file run-v7.csv (CSV, C-alpha atoms)
chain,number,residue,atom,x,y,z
A,1467,ASP,CA,61.5,289.1,-31.1
A,1468,ALA,CA,60.4,292.7,-30.7
A,1469,LYS,CA,61.7,294.8,-27.8
A,1470,THR,CA,59.4,296.4,-25.3
A,1471,THR,CA,59.6,299.7,-23.3
A,1472,GLN,CA,57.9,300.1,-19.9
A,1473,PRO,CA,58.1,302.8,-17.2
A,1474,PRO,CA,60.3,301.6,-14.4
A,1475,SER,CA,57.8,302.3,-11.7
A,1476,MET,CA,54.2,303.3,-11.0
A,1477,ASP,CA,51.9,303.9,-8.1
A,1478,CYS,CA,48.2,303.4,-7.8
A,1479,ALA,CA,45.7,303.8,-4.9
A,1480,GLU,CA,44.0,300.7,-3.6
A,1481,GLY,CA,40.6,300.2,-5.3
A,1482,ARG,CA,41.4,302.2,-8.3
A,1483,ALA,CA,42.2,300.9,-11.8
A,1484,ALA,CA,45.9,300.4,-12.5
A,1485,ASN,CA,46.9,301.1,-16.1
A,1486,LEU,CA,50.3,299.8,-17.1
A,1487,PRO,CA,51.6,301.0,-20.5
A,1488,CYS,CA,54.0,299.1,-22.8
A,1489,ASN,CA,55.5,300.3,-26.1
A,1490,HIS,CA,56.4,297.7,-28.7
A,1491,SER,CA,56.8,299.7,-31.9
A,1492,THR,CA,58.8,297.0,-33.8
A,1493,ILE,CA,56.3,294.2,-33.2
A,1494,SER,CA,55.7,291.9,-36.1
A,1495,GLY,CA,52.3,290.8,-37.4
A,1496,ASN,CA,52.5,287.3,-35.9
A,1497,GLU,CA,53.9,288.3,-32.5
A,1498,TYR,CA,51.7,288.2,-29.4
A,1499,VAL,CA,51.7,290.6,-26.5
A,1500,TYR,CA,52.1,288.8,-23.2
A,1501,TRP,CA,51.9,290.1,-19.6
A,1502,TYR,CA,53.4,288.4,-16.6
A,1503,ARG,CA,53.9,289.7,-13.1
A,1504,GLN,CA,56.4,288.7,-10.4
A,1505,ILE,CA,55.5,289.2,-6.8
A,1506,HIS,CA,58.5,289.5,-4.5
A,1507,SER,CA,60.3,286.1,-4.1
A,1508,GLN,CA,57.9,284.2,-6.3
A,1509,GLY,CA,58.0,282.9,-9.8
A,1510,PRO,CA,56.5,285.0,-12.7
A,1511,GLN,CA,52.7,284.6,-13.0
A,1512,TYR,CA,51.1,284.6,-16.4
A,1513,ILE,CA,48.3,287.3,-16.6
A,1514,ILE,CA,47.0,287.6,-20.1
A,1515,HIS,CA,48.0,287.7,-23.8
A,1516,GLY,CA,46.6,289.0,-27.1
A,1517,LEU,CA,47.4,289.4,-30.7
A,1518,LYS,CA,45.1,292.1,-32.2
A,1519,ASN,CA,41.9,292.2,-30.2
A,1520,ASN,CA,41.4,293.4,-26.7
A,1521,GLU,CA,41.3,290.6,-24.2
A,1522,THR,CA,39.8,290.3,-20.7
A,1523,ASN,CA,40.1,287.5,-18.1
A,1524,GLU,CA,39.5,287.2,-14.4
A,1525,MET,CA,42.7,289.0,-13.6
A,1526,ALA,CA,43.0,291.9,-16.1
A,1527,SER,CA,42.2,293.5,-19.4
A,1528,LEU,CA,44.6,294.0,-22.2
A,1529,ILE,CA,44.1,296.9,-24.6
A,1530,ILE,CA,46.1,296.8,-27.8
A,1531,THR,CA,46.2,299.8,-30.1
A,1532,GLU,CA,45.0,299.4,-33.7
A,1533,ASP,CA,48.6,299.7,-35.1
A,1534,ARG,CA,49.7,297.2,-32.4
A,1535,LYS,CA,52.6,299.4,-31.5
A,1536,SER,CA,51.6,299.8,-27.8
A,1537,SER,CA,49.3,298.2,-25.3
A,1538,THR,CA,47.9,298.8,-21.8
A,1539,LEU,CA,47.3,296.2,-19.1
A,1540,ILE,CA,44.4,297.2,-16.8
A,1541,LEU,CA,43.9,295.9,-13.3
A,1542,PRO,CA,40.3,297.2,-12.8
A,1543,HIS,CA,40.3,297.3,-8.9
A,1544,ALA,CA,43.8,297.1,-7.7
A,1545,THR,CA,44.5,295.6,-4.3
A,1546,LEU,CA,47.6,295.5,-2.1
A,1547,ARG,CA,48.3,292.0,-3.4
A,1548,ASP,CA,48.7,293.4,-6.9
A,1549,THR,CA,52.0,295.1,-5.8
A,1550,ALA,CA,54.6,293.4,-8.1
A,1551,VAL,CA,56.9,293.9,-11.1
A,1552,TYR,CA,54.9,293.6,-14.3
A,1553,TYR,CA,56.5,292.4,-17.5
A,1554,CYS,CA,55.3,293.1,-21.0
A,1555,ILE,CA,56.8,290.7,-23.5
A,1556,VAL,CA,56.2,290.1,-27.2
A,1557,PHE,CA,57.0,286.9,-29.0
A,1558,ARG,CA,55.9,284.6,-31.7
A,1559,GLN,CA,54.1,281.5,-30.8
A,1560,ILE,CA,55.6,278.5,-32.5
A,1561,ILE,CA,54.3,275.0,-33.1
A,1562,GLN,CA,57.5,273.1,-32.9
A,1563,GLY,CA,60.5,273.8,-30.7
A,1564,ALA,CA,60.7,275.9,-27.6
A,1565,GLN,CA,60.2,279.7,-27.3
A,1566,LYS,CA,62.7,281.7,-25.3
A,1567,LEU,CA,61.1,284.4,-23.2
A,1568,VAL,CA,63.2,287.6,-22.7
A,1569,PHE,CA,62.1,289.5,-19.7
A,1570,GLY,CA,63.2,293.1,-19.4
A,1571,GLN,CA,63.2,295.2,-16.3
A,1572,GLY,CA,59.4,295.6,-16.2
A,1573,THR,CA,57.3,298.1,-14.3
A,1574,ARG,CA,57.4,298.0,-10.5
A,1575,LEU,CA,53.7,298.7,-9.5
A,1576,THR,CA,53.1,299.7,-5.9
A,1577,ILE,CA,49.5,299.8,-4.7
A,1578,ASN,CA,49.1,302.2,-1.8
A,1579,PRO,CA,46.4,301.9,0.9
B,903,SER,CA,44.6,271.4,-14.0
B,904,GLN,CA,48.4,271.6,-14.4
B,905,THR,CA,50.8,272.3,-11.6
B,906,ILE,CA,54.5,272.7,-11.4
B,907,HIS,CA,56.7,271.9,-8.4
B,908,GLN,CA,60.3,272.9,-7.6
B,909,TRP,CA,62.4,271.8,-4.7
B,910,PRO,CA,64.0,272.7,-2.6
B,911,ALA,CA,62.6,276.2,-2.1
B,912,THR,CA,65.8,277.5,-0.6
B,913,LEU,CA,69.3,276.2,-0.7
B,914,VAL,CA,72.6,277.4,0.8
B,915,GLN,CA,75.7,275.6,-0.5
B,916,PRO,CA,79.5,276.0,-0.2
B,917,VAL,CA,81.6,276.8,-3.2
B,918,GLY,CA,82.7,273.7,-4.9
B,919,SER,CA,79.9,271.5,-3.8
B,920,PRO,CA,77.5,269.7,-6.2
B,921,LEU,CA,74.0,270.9,-7.0
B,922,SER,CA,70.8,269.2,-7.9
B,923,LEU,CA,67.5,271.1,-8.4
B,924,GLU,CA,64.4,269.3,-9.4
B,925,CYS,CA,61.3,270.4,-11.3
B,926,THR,CA,58.2,268.3,-12.0
B,927,VAL,CA,55.0,269.0,-13.8
B,928,GLU,CA,51.6,267.4,-13.2
B,929,GLY,CA,48.5,267.4,-15.4
B,930,THR,CA,50.0,267.5,-18.8
B,931,SER,CA,51.9,265.3,-21.2
B,932,ASN,CA,55.0,266.0,-23.4
B,933,PRO,CA,55.5,269.6,-22.2
B,934,ASN,CA,58.4,271.8,-23.2
B,935,LEU,CA,60.5,272.4,-20.1
B,936,TYR,CA,62.7,275.4,-19.3
B,937,TRP,CA,65.3,276.5,-16.7
B,938,TYR,CA,65.7,280.2,-16.1
B,939,ARG,CA,68.0,282.0,-13.7
B,940,GLN,CA,67.3,285.4,-12.2
B,941,ALA,CA,70.3,287.1,-10.6
B,942,ALA,CA,69.6,289.7,-7.9
B,943,GLY,CA,68.0,292.9,-9.5
B,944,ARG,CA,68.2,291.5,-13.0
B,945,GLY,CA,65.9,290.0,-15.5
B,946,LEU,CA,65.4,286.3,-16.3
B,947,GLN,CA,68.0,284.5,-18.3
B,948,LEU,CA,67.1,281.3,-20.1
B,949,LEU,CA,69.6,278.5,-19.2
B,950,PHE,CA,68.3,275.3,-20.8
B,951,TYR,CA,65.2,274.0,-22.5
B,952,SER,CA,63.9,270.6,-23.4
B,953,VAL,CA,61.3,269.5,-26.0
B,954,GLY,CA,61.4,265.9,-25.0
B,955,ILE,CA,62.9,263.1,-22.8
B,956,GLY,CA,66.7,263.2,-23.1
B,957,GLN,CA,66.6,266.3,-25.4
B,958,ILE,CA,68.4,269.3,-23.8
B,959,SER,CA,69.4,272.6,-25.4
B,960,SER,CA,71.8,274.9,-23.7
B,961,GLU,CA,71.5,278.7,-24.1
B,962,VAL,CA,74.6,279.9,-22.2
B,963,PRO,CA,78.0,278.2,-21.6
B,964,GLN,CA,78.5,277.6,-17.9
B,965,ASN,CA,79.2,274.9,-15.3
B,966,LEU,CA,75.6,273.9,-15.0
B,967,SER,CA,73.9,271.0,-16.8
B,968,ALA,CA,70.3,269.9,-17.3
B,969,SER,CA,68.7,266.5,-17.7
B,970,ARG,CA,65.2,265.2,-18.5
B,971,PRO,CA,65.0,261.6,-17.3
B,972,GLN,CA,61.2,261.5,-17.5
B,973,ASP,CA,58.6,263.3,-19.5
B,974,ARG,CA,57.6,265.6,-16.7
B,975,GLN,CA,60.8,265.8,-14.8
B,976,PHE,CA,63.6,268.4,-15.4
B,977,ILE,CA,66.8,268.5,-13.3
B,978,LEU,CA,69.4,271.2,-13.1
B,979,SER,CA,72.8,270.1,-11.9
B,980,SER,CA,76.4,271.2,-11.2
B,981,LYS,CA,79.4,269.2,-10.2
B,982,LYS,CA,81.1,272.2,-8.5
B,983,LEU,CA,79.3,275.4,-7.6
B,984,LEU,CA,80.7,278.8,-8.1
B,985,LEU,CA,79.9,282.0,-6.2
B,986,SER,CA,78.4,283.4,-9.4
B,987,ASP,CA,75.8,280.5,-9.5
B,988,SER,CA,73.8,282.2,-6.7
B,989,GLY,CA,70.4,283.3,-7.9
B,990,PHE,CA,66.8,282.5,-8.2
B,991,TYR,CA,66.2,279.4,-10.4
B,992,LEU,CA,62.9,279.1,-12.1
B,993,CYS,CA,61.5,276.1,-14.0
B,994,ALA,CA,58.7,276.7,-16.5
B,995,TRP,CA,56.6,274.5,-18.8
B,996,SER,CA,54.6,275.1,-22.0
B,997,ILE,CA,52.7,273.1,-24.6
B,998,LEU,CA,54.8,273.5,-27.8
B,999,GLY,CA,55.9,277.1,-28.1
B,1000,MET,CA,52.9,278.6,-26.4
B,1001,THR,CA,52.3,280.3,-23.0
B,1002,GLN,CA,55.0,279.4,-20.4
B,1003,TYR,CA,53.9,278.8,-16.8
B,1004,PHE,CA,56.5,279.2,-14.1
B,1005,GLY,CA,57.1,277.3,-10.9
B,1006,PRO,CA,57.7,278.8,-7.4
B,1007,GLY,CA,61.5,278.9,-7.9
B,1008,THR,CA,64.5,277.8,-5.9
B,1009,ARG,CA,66.6,280.5,-4.2
B,1010,LEU,CA,70.3,279.4,-4.2
B,1011,LEU,CA,73.0,281.0,-2.2
B,1012,VAL,CA,76.5,279.9,-2.8
B,1013,LEU,CA,79.0,280.9,0.0
call {"tool": "encode", "arguments": {"input": "run-v7.csv", "output": "structure tokens"}}
result
Amino acid sequence: DAKTTQPPSMDCAEGRAANLPCNHSTISGNEYVYWYRQIHSQGPQYIIHGLKNNETNEMASLIITEDRKSSTLILPHATLRDTAVYYCIVFRQIIQGAQKLVFGQGTRLTINP
Amino acid sequence: SQTIHQWPATLVQPVGSPLSLECTVEGTSNPNLYWYRQAAGRGLQLLFYSVGIGQISSEVPQNLSASRPQDRQFILSSKKLLLSDSGFYLCAWSILGMTQYFGPGTRLLVL
């Protein structure tokens, strides 16, 4: 599975959009981009995923570049509760067997009042 | 909707004591189940996964074991805990090899 690179930390003001970048220059054509976050002392929470097209759900938006070598997770109106470590992962969905997620160090996002 | 439970939430055990952590999933059938461990300040490490009842695959050699006695139940065990077993244990489920959803975790401290 492709490796990802994320900044170790970011700050954002409450109410502003938080834009978290992720580089995955070695991504393969059938690998999805996934985002999870982990709030302190909790299990990772699934946020969103995509293959080629931009995606949006109730939590966030995912923007994937045309060459798929990088992506940005956007939290449109960040709140204090969005303070967490955000993980960008790429992996290939499979029909049979189990998929092993590899979480790197992620980006520690701090939302400031 | 699907939910995943883990218990206990926190556990303090002496070195050499046994361990049993339980994970159950509701609202789905025949899920893939996973055990991960997160040591302090580090990323997640996959320990075991299961694609069906009685089917366990181990990712790393250690003194832990896993069992899946029922379709939606996954158990992590040890006969004798080591200090290095301390960490945050997370159970996850997925349908086939798709999106994985994590439980709340069990924080284990071995003294």
call {"tool": "residues_around", "arguments": {"input": "run-v7.csv", "residues": "region 1571-1578 of chain A", "least_positions_apart": "4", "cutoff": "6 Å", "atoms": "all atoms listed in the file", "output": "PyMOL selection string"}}
result
(chain A and resi 1472-1480+1546+1549-1553) or (chain B and resi 945)
call {"tool": "atom_distance", "arguments": {"input": "run-v7.csv", "atom1": "CA of Asp973 (chain B)", "atom2": "CA of Ile955 (chain B)"}}
result
5.4 Å
call {"tool": "closest_residue", "arguments": {"input": "run-v7.csv", "among": "B:Glu928, B:Leu923, B:Pro963, B:Val914", "to": "Val1012 (chain B)", "atoms": "only C-alpha atoms"}}
result
B:Val914
call {"tool": "residues_around", "arguments": {"input": "run-v7.csv", "residues": "Arg1009 (chain B)", "least_positions_apart": "5", "cutoff": "10 Å", "atoms": "all atoms listed in the file", "output": "list in words"}}
result
Ser1507 and Gln1508 of chain A; Trp909, Pro910, Ala911, Thr912, Leu913, Val914, Arg939, Gln940, Ala941, Ser988, Gly989, Phe990, Tyr991 and Leu992 of chain B
call {"tool": "atom_distance", "arguments": {"input": "run-v7.csv", "atom1": "CA of Thr1471 (chain A)", "atom2": "CA of Ile1530 (chain A)"}}
result
14.5 Å
call {"tool": "atom_distance", "arguments": {"input": "run-v7.csv", "atom1": "CA of Ser1491 (chain A)", "atom2": "CA of Ser1527 (chain A)"}}
result
20.2 Å
call {"tool": "residues_around", "arguments": {"input": "run-v7.csv", "residues": "Leu983 (chain B)", "least_positions_apart": "6", "cutoff": "7 Å", "atoms": "all atoms listed in the file", "output": "ChimeraX atom specification"}}
result
/B:917-921
call {"tool": "write_last_selection", "arguments": {"input": "run-v7.csv", "atoms": "C-alpha atoms", "output": "CSV table (one decimal), in the frame of the given file"}}
result
chain,number,residue,atom,x,y,z
B,917,VAL,CA,81.6,276.8,-3.2
B,918,GLY,CA,82.7,273.7,-4.9
B,919,SER,CA,79.9,271.5,-3.8
B,920,PRO,CA,77.5,269.7,-6.2
B,921,LEU,CA,74.0,270.9,-7.0
